[in-house]
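File shown: start09.csv (CSV, C-alpha atoms and all ligand atoms).
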chain,number,residue,atom,x,y,z
A,810,MET,CA,-7.9,21.4,48.7
A,811,ILE,CA,-8.4,23.0,52.1
A,812,LYS,CA,-8.8,26.4,50.5
A,813,LYS,CA,-11.5,24.9,48.2
A,814,ILE,CA,-13.4,23.4,51.1
A,815,LEU,CA,-13.2,26.7,53.0
A,816,VAL,CA,-14.5,28.6,49.9
A,817,PHE,CA,-17.3,26.1,49.6
A,818,ILE,CA,-18.3,26.4,53.3
A,819,PHE,CA,-18.1,30.2,53.1
A,820,GLY,CA,-20.3,30.2,49.9
A,821,LEU,CA,-22.8,27.9,51.7
A,822,LEU,CA,-23.0,30.2,54.7
A,823,LEU,CA,-23.4,33.2,52.5
A,824,SER,CA,-26.2,31.6,50.6
A,825,PHE,CA,-28.4,31.3,53.8
A,826,LYS,CA,-28.8,35.1,53.6
A,827,TYR,CA,-30.8,34.6,50.4
A,828,PHE,CA,-33.1,31.9,51.6
A,829,PRO,CA,-36.0,34.2,52.7
A,830,LEU,CA,-36.1,35.8,49.2
A,831,ARG,CA,-35.7,32.5,47.4
A,832,PHE,CA,-38.5,31.1,49.5
A,833,ILE,CA,-40.9,33.9,48.7
A,834,GLU,CA,-40.0,33.6,45.0
A,835,LEU,CA,-40.9,29.9,45.0
A,836,PHE,CA,-43.9,30.3,47.2
A,837,GLY,CA,-45.2,33.1,45.0
A,838,GLN,CA,-45.3,30.8,42.0
A,839,LEU,CA,-48.1,28.8,43.6
A,840,PHE,CA,-50.6,31.6,43.0
A,841,PRO,CA,-52.5,32.1,39.7
A,842,GLU,CA,-51.8,34.6,36.9
A,843,ASN,CA,-54.8,36.8,37.8
A,844,SER,CA,-55.0,40.1,39.7
A,845,TYR,CA,-55.2,38.3,43.1
A,846,GLY,CA,-52.2,36.1,42.4
A,847,CYS,CA,-50.3,39.2,41.1
A,848,MET,CA,-51.2,41.2,44.1
A,849,ILE,CA,-50.0,38.4,46.5
A,850,ARG,CA,-46.6,38.2,44.7
A,851,GLY,CA,-46.2,42.0,44.8
A,852,PHE,CA,-47.0,41.9,48.5
A,853,LEU,CA,-44.4,39.2,49.1
A,854,TYR,CA,-41.7,41.2,47.5
A,855,ARG,CA,-42.5,44.4,49.4
A,856,PRO,CA,-40.1,43.9,52.4
A,857,PHE,CA,-37.2,43.3,50.2
A,858,LEU,CA,-37.5,46.4,48.0
A,859,LYS,CA,-35.9,49.7,48.6
A,860,GLN,CA,-39.3,51.4,48.3
A,861,CYS,CA,-42.7,50.0,47.4
A,862,GLY,CA,-46.0,51.8,46.9
A,863,SER,CA,-49.5,50.3,47.2
A,864,ASN,CA,-51.1,47.8,44.9
A,865,PHE,CA,-47.8,46.4,43.4
A,866,GLN,CA,-48.7,43.5,41.1
A,867,VAL,CA,-46.2,40.9,39.7
A,868,GLY,CA,-46.9,38.2,37.1
A,869,LEU,CA,-45.5,34.6,37.2
A,870,GLN,CA,-41.8,33.9,36.8
A,871,VAL,CA,-40.7,37.5,37.1
A,872,LYS,CA,-37.1,37.8,38.3
A,873,LEU,CA,-36.3,40.8,40.4
A,874,GLU,CA,-32.6,41.1,41.3
A,875,HIS,CA,-30.9,43.4,43.8
A,876,LEU,CA,-34.3,44.4,45.2
A,877,ASN,CA,-32.6,46.8,47.7
A,878,ASN,CA,-31.9,48.9,44.7
A,879,ILE,CA,-35.4,48.9,43.1
A,880,ASN,CA,-38.0,51.6,43.8
A,881,ILE,CA,-41.6,50.8,43.0
A,882,GLY,CA,-44.3,53.5,42.9
A,883,ASN,CA,-48.1,53.0,43.5
A,884,ASP,CA,-50.1,50.7,41.1
A,885,VAL,CA,-47.1,49.3,39.3
A,886,TYR,CA,-47.6,46.1,37.3
A,887,ILE,CA,-44.9,43.7,36.0
A,888,GLY,CA,-45.8,41.1,33.4
A,889,HIS,CA,-44.8,37.5,33.5
A,890,GLY,CA,-41.3,36.4,32.7
A,891,SER,CA,-39.8,39.9,33.1
A,892,TRP,CA,-36.3,40.4,34.5
A,893,ILE,CA,-35.5,43.6,36.4
A,894,SER,CA,-32.0,44.0,37.9
A,895,GLY,CA,-31.2,47.0,40.1
A,896,LEU,CA,-27.5,46.0,40.3
A,897,ARG,CA,-25.2,49.0,40.7
A,898,GLY,CA,-27.3,51.8,39.1
A,899,GLY,CA,-30.7,51.0,40.5
A,900,VAL,CA,-34.2,51.0,38.9
A,901,THR,CA,-37.2,53.2,39.7
A,902,LEU,CA,-40.6,52.5,38.3
A,903,GLU,CA,-42.8,55.5,39.0
A,904,ASP,CA,-46.6,55.3,39.8
A,905,GLN,CA,-48.8,53.4,37.3
A,906,VAL,CA,-46.0,52.0,35.2
A,907,LEU,CA,-47.2,49.0,33.2
A,908,ILE,CA,-44.5,46.5,32.3
A,909,GLY,CA,-45.6,43.8,29.8
A,910,PRO,CA,-44.3,40.2,29.7
A,911,TYR,CA,-40.6,39.3,29.1
A,912,VAL,CA,-39.3,42.8,29.5
A,913,ARG,CA,-35.7,43.3,30.6
A,914,ILE,CA,-34.5,46.3,32.6
A,915,ILE,CA,-30.9,46.1,33.7
A,916,SER,CA,-29.1,49.0,35.4
A,917,SER,CA,-25.5,47.5,35.1
A,918,ASN,CA,-22.9,46.8,32.5
A,919,HIS,CA,-19.7,44.7,32.3
A,920,THR,CA,-16.4,46.3,31.5
A,921,PHE,CA,-13.3,44.6,30.0
A,922,LYS,CA,-9.9,44.0,31.6
A,923,ASP,CA,-7.0,42.5,29.6
A,924,GLY,CA,-9.4,41.8,26.8
A,925,SER,CA,-11.9,39.9,28.9
A,926,ALA,CA,-15.3,40.8,30.4
A,927,ARG,CA,-15.3,37.8,32.7
A,928,PHE,CA,-13.5,39.2,35.8
A,929,ALA,CA,-13.6,42.9,35.0
A,930,PRO,CA,-15.4,45.3,37.4
A,931,GLY,CA,-19.0,46.2,36.6
A,932,VAL,CA,-20.5,49.7,36.2
A,933,GLY,CA,-24.0,51.0,36.4
A,934,GLU,CA,-26.3,54.0,36.1
A,935,ALA,CA,-29.8,54.5,37.3
A,936,ILE,CA,-32.8,53.7,35.1
A,937,ILE,CA,-36.1,55.6,35.7
A,938,VAL,CA,-39.4,54.8,34.0
A,939,GLY,CA,-41.8,57.7,34.3
A,940,PHE,CA,-45.4,57.8,35.5
A,941,GLY,CA,-48.0,55.8,33.5
A,942,SER,CA,-45.6,54.6,30.9
A,943,TRP,CA,-46.4,51.3,29.1
A,944,ILE,CA,-43.4,49.1,28.4
A,945,ALA,CA,-44.8,46.5,25.9
A,946,SER,CA,-43.7,42.9,25.7
A,947,GLY,CA,-40.1,42.0,25.1
A,948,VAL,CA,-38.6,45.5,25.5
A,949,THR,CA,-35.1,45.9,26.7
A,950,ILE,CA,-34.0,49.1,28.6
A,951,THR,CA,-30.3,49.5,29.3
A,952,SER,CA,-28.3,51.2,32.0
A,953,GLY,CA,-28.7,54.9,32.6
A,954,VAL,CA,-31.8,55.4,30.5
A,955,LYS,CA,-34.6,57.7,31.7
A,956,ILE,CA,-38.0,57.3,30.2
A,957,GLY,CA,-40.3,60.3,30.6
A,958,LYS,CA,-43.9,60.0,31.8
A,959,SER,CA,-46.7,58.6,29.6
A,960,CYS,CA,-44.5,56.9,27.1
A,961,LEU,CA,-45.3,53.8,25.0
A,962,LEU,CA,-42.3,51.6,24.2
A,963,ALA,CA,-43.5,49.2,21.4
A,964,ALA,CA,-43.0,45.4,21.6
A,965,SER,CA,-39.4,44.2,21.3
A,966,SER,CA,-37.9,47.6,21.1
A,967,VAL,CA,-34.4,48.2,22.7
A,968,ILE,CA,-34.1,51.5,24.5
A,969,THR,CA,-30.5,52.8,25.0
A,970,LYS,CA,-31.1,56.6,25.2
A,971,ASN,CA,-33.3,58.9,27.2
A,972,ILE,CA,-36.9,59.2,25.9
A,973,GLU,CA,-38.9,62.4,26.4
A,974,GLU,CA,-42.4,62.2,27.9
A,975,ASP,CA,-45.4,61.3,25.8
A,976,SER,CA,-43.3,59.5,23.2
A,977,ILE,CA,-44.2,56.4,21.2
A,978,VAL,CA,-41.0,54.5,20.6
A,979,VAL,CA,-40.4,51.5,18.2
A,980,GLY,CA,-37.5,49.4,17.0
A,981,ILE,CA,-33.8,48.7,17.7
A,982,PRO,CA,-32.5,51.1,18.6
A,983,GLY,CA,-35.7,52.7,19.8
A,984,ARG,CA,-36.8,55.7,17.7
A,985,ILE,CA,-39.6,58.1,18.5
A,986,ILE,CA,-42.5,57.9,15.9
A,987,GLY,CA,-45.1,60.0,17.6
A,988,LYS,CA,-46.9,61.2,20.6
A,989,VAL,CA,-49.1,59.1,22.9
A,990,SER,CA,-51.4,62.0,23.5
A,991,GLU,CA,-52.1,62.5,19.8
A,992,LYS,CA,-52.5,58.9,18.9
A,993,TYR,CA,-54.1,57.2,21.9
A,994,CYS,CA,-55.8,59.9,24.1
A,995,LYS,CA,-59.1,60.8,22.6
A,1001,LIG,C1,-46.9,50.1,19.8
A,1001,LIG,C2,-48.1,49.4,19.3
A,1001,LIG,C3,-49.3,49.6,20.3
A,1001,LIG,C4,-48.5,50.2,18.0
A,1001,LIG,O1,-49.6,49.7,17.5
A,1001,LIG,P1,-50.3,50.6,16.3
A,1001,LIG,O2,-50.9,51.8,16.9
A,1001,LIG,O3,-51.2,49.6,15.6
A,1001,LIG,O4,-49.1,51.0,15.4
A,1001,LIG,P2,-49.1,51.2,13.9
A,1001,LIG,O5,-49.5,50.0,13.2
A,1001,LIG,O6,-49.9,52.5,13.5
A,1001,LIG,O7,-47.5,51.4,13.7
A,1001,LIG,C5,-46.9,52.7,13.4
A,1001,LIG,C6,-45.6,52.4,12.8
A,1001,LIG,O8,-44.8,51.8,13.9
A,1001,LIG,C7,-44.3,50.5,13.5
A,1001,LIG,N1,-44.3,49.7,14.6
A,1001,LIG,C8,-45.4,49.5,15.4
A,1001,LIG,N2,-45.0,48.6,16.4
A,1001,LIG,C9,-43.8,48.3,16.2
A,1001,LIG,C10,-42.9,47.4,16.9
A,1001,LIG,N3,-43.2,46.8,18.0
A,1001,LIG,N4,-41.6,47.3,16.4
A,1001,LIG,C11,-41.2,48.0,15.3
A,1001,LIG,N5,-42.0,48.8,14.6
A,1001,LIG,C12,-43.3,49.0,15.0
A,1001,LIG,C13,-45.2,50.1,12.4
A,1001,LIG,O9,-44.6,49.2,11.5
A,1001,LIG,C14,-45.5,51.4,11.7
A,1001,LIG,O10,-44.5,51.8,10.8
A,1001,LIG,P3,-44.8,52.5,9.4
A,1001,LIG,O11,-45.4,53.8,9.8
A,1001,LIG,O12,-43.4,52.7,8.9
A,1001,LIG,O13,-45.6,51.6,8.7
A,1001,LIG,C15,-47.9,47.9,19.0
A,1001,LIG,O14,-47.1,47.8,17.9
A,1001,LIG,C16,-47.3,47.2,20.2
A,1001,LIG,O15,-46.1,47.1,20.3
A,1001,LIG,N6,-48.2,46.6,21.0
A,1001,LIG,C17,-47.8,46.0,22.2
A,1001,LIG,C18,-48.2,44.6,22.3
A,1001,LIG,C19,-47.8,43.9,23.5
A,1001,LIG,O16,-46.6,43.7,23.8
A,1001,LIG,N7,-48.8,43.6,24.4
A,1001,LIG,C20,-48.5,42.9,25.6
A,1001,LIG,C21,-49.3,43.6,26.7
A,1001,LIG,S1,-48.3,44.6,27.7
Show this structure as structure tokens.
Ligand SMILES: CC(C)(COP(=O)(O)OP(=O)(O)OC[C@H]1O[C@@H](n2cnc3c(N)ncnc32)[C@H](O)[C@@H]1OP(=O)(O)O)[C@@H](O)C(=O)NCCC(=O)NCCS
Amino acid sequence: MIKKILVFIFGLLLSFKYFPLRFIELFGQLFPENSYGCMIRGFLYRPFLKQCGSNFQVGLQVKLEHLNNINIGNDVYIGHGSWISGLRGGVTLEDQVLIGPYVRIISSNHTFKDGSARFAPGVGEAIIVGFGSWIASGVTITSGVKIGKSCLLAASSVITKNIEEDSIVVGIPGRIIGKVSEKYCK
């Protein structure tokens, strides 16, 4: 019983460390889903990030986790409802990366111990999204993946392998179907 109480008190004290971040997350939700609101949320996150360029914009209900492992370039936009976790590997979004709504970028994985993932140690590898890439709504990018510059990852695709620059990628698992420069740059 005493052990349980001590663990509870320890957990409570540890939680205080996260109050400033929780506060700005909640406070940020008061601002609208327009460029001013997105700019304000980006500004609020700035002190908690490993690195943050200018004009960072964040939609409503975005969840950024392990911010001290997330690098943000200039003019990066993250659409509403996205979840980006820099746990273990870390995440880098280079300049002008455009992340649509409900995107998931997670730089860690569970392992298994004695047949169970629950208490096994985690592993992770860095994720990098290159300059100017457009990550459309609902995309998932898994640990260790490098996306080259100027790529388009189509809605709901799941990206588990490196993608060379200028690629259009669709599906699960993501497959390259063309070049952005040929289809979209007139
Ligand atoms: C990637 C995208 C822009 C392609 O649009 P498009 O130029 O009209 O593409 P096309 O219709 O020429 O599709 C080319 C091929 O890719 C396939 N394809 C396109 N998008 C796909 C997707 N999201 N998932 C799976 N396949 C897809 C098409 O079925 C087609 O296959 P086919 O050649 O076998 O017929 C569009 O599908 C998309 O994902 N838009 C993002 C929408 C979004 O999330 N907006 C939120 C704002 S960030």
Task: At most 10 Å from ligand LIG 1001 (chain A) (only C-alpha atoms and all ligand atoms): residue list as a PyMOL selection string - done: chain A and resi 886-889+907-912+943-948+961-967+977-987+989+992-993
Could you list, as a PDB file with C-alpha atoms, in the frame of the given file, every residue within 9 Å of Cys960 (chain A), counting all atoms listed in the file and ignoring same-chain residues fewer than 4 positions away?
ATOM      1  CA  VAL A 938     -39.400  54.800  34.000  1.00  0.00           C
ATOM      2  CA  GLY A 939     -41.800  57.700  34.300  1.00  0.00           C
ATOM      3  CA  PHE A 940     -45.400  57.800  35.500  1.00  0.00           C
ATOM      4  CA  GLY A 941     -48.000  55.800  33.500  1.00  0.00           C
ATOM      5  CA  SER A 942     -45.600  54.600  30.900  1.00  0.00           C
ATOM      6  CA  TRP A 943     -46.400  51.300  29.100  1.00  0.00           C
ATOM      7  CA  ILE A 944     -43.400  49.100  28.400  1.00  0.00           C
ATOM      8  CA  ILE A 956     -38.000  57.300  30.200  1.00  0.00           C
ATOM      9  CA  ILE A 972     -36.900  59.200  25.900  1.00  0.00           C
ATOM     10  CA  GLU A 973     -38.900  62.400  26.400  1.00  0.00           C
ATOM     11  CA  GLU A 974     -42.400  62.200  27.900  1.00  0.00           C
ATOM     12  CA  ASP A 975     -45.400  61.300  25.800  1.00  0.00           C
ATOM     13  CA  SER A 976     -43.300  59.500  23.200  1.00  0.00           C
ATOM     14  CA  ILE A 977     -44.200  56.400  21.200  1.00  0.00           C
ATOM     15  CA  VAL A 978     -41.000  54.500  20.600  1.00  0.00           C
ATOM     16  CA  LYS A 988     -46.900  61.200  20.600  1.00  0.00           C
ATOM     17  CA  VAL A 989     -49.100  59.100  22.900  1.00  0.00           C
TER      18      VAL A 989
END
Open item on the list: Under the rule that all atoms listed in the file are counted, which of A:Glu934, A:Cys861, A:Gly851, A:Ile950 is the nearest residue to Trp892 (chain A)?
Closed with: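 Once distances to Trp892 (chain A) are computed over all atoms listed in the file, the minimum belongs to A:Ile950.
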Can you build me a table of region 852-968 of chain A residues sitting at most 12 Å from region 816-840 of chain A, with the closest atom pair per residue and its distance in Å to one decimal, using only C-alpha atoms, sorted by chain and residue number, as a Markdown table?
| residue | atom | partner | partner_atom | distance |
| --- | --- | --- | --- | --- |
| A:Phe852 | CA | A:Gly837 | CA | 9.6 |
| A:Leu853 | CA | A:Ile833 | CA | 6.4 |
| A:Tyr854 | CA | A:Ile833 | CA | 7.4 |
| A:Arg855 | CA | A:Ile833 | CA | 10.6 |
| A:Pro856 | CA | A:Leu830 | CA | 9.6 |
| A:Phe857 | CA | A:Leu830 | CA | 7.6 |
| A:Leu858 | CA | A:Leu830 | CA | 10.8 |
| A:Gln866 | CA | A:Gly837 | CA | 11.6 |
| A:Val867 | CA | A:Gly837 | CA | 9.5 |
| A:Gly868 | CA | A:Gln838 | CA | 9.0 |
| A:Leu869 | CA | A:Gln838 | CA | 6.1 |
| A:Gln870 | CA | A:Gln838 | CA | 7.0 |
| A:Val871 | CA | A:Glu834 | CA | 8.8 |
| A:Lys872 | CA | A:Glu834 | CA | 8.4 |
| A:Leu873 | CA | A:Glu834 | CA | 9.3 |
| A:Glu874 | CA | A:Leu830 | CA | 10.1 |
| A:His875 | CA | A:Leu830 | CA | 10.7 |
| A:Leu876 | CA | A:Leu830 | CA | 9.7 |
| A:Asn877 | CA | A:Leu830 | CA | 11.6 |
| A:His889 | CA | A:Gln838 | CA | 10.8 |
| A:Gly890 | CA | A:Gln838 | CA | 11.6 |
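In this structure, CA of Val954 (chain A) sits 28.0 Å away from CA of Asp923 (chain A).
Nearest residue to Val906 (chain A), choosing from A:Ser990, A:Asn843, A:Thr969, A:Asn880 and counting all atoms listed in the file: A:Asn880.
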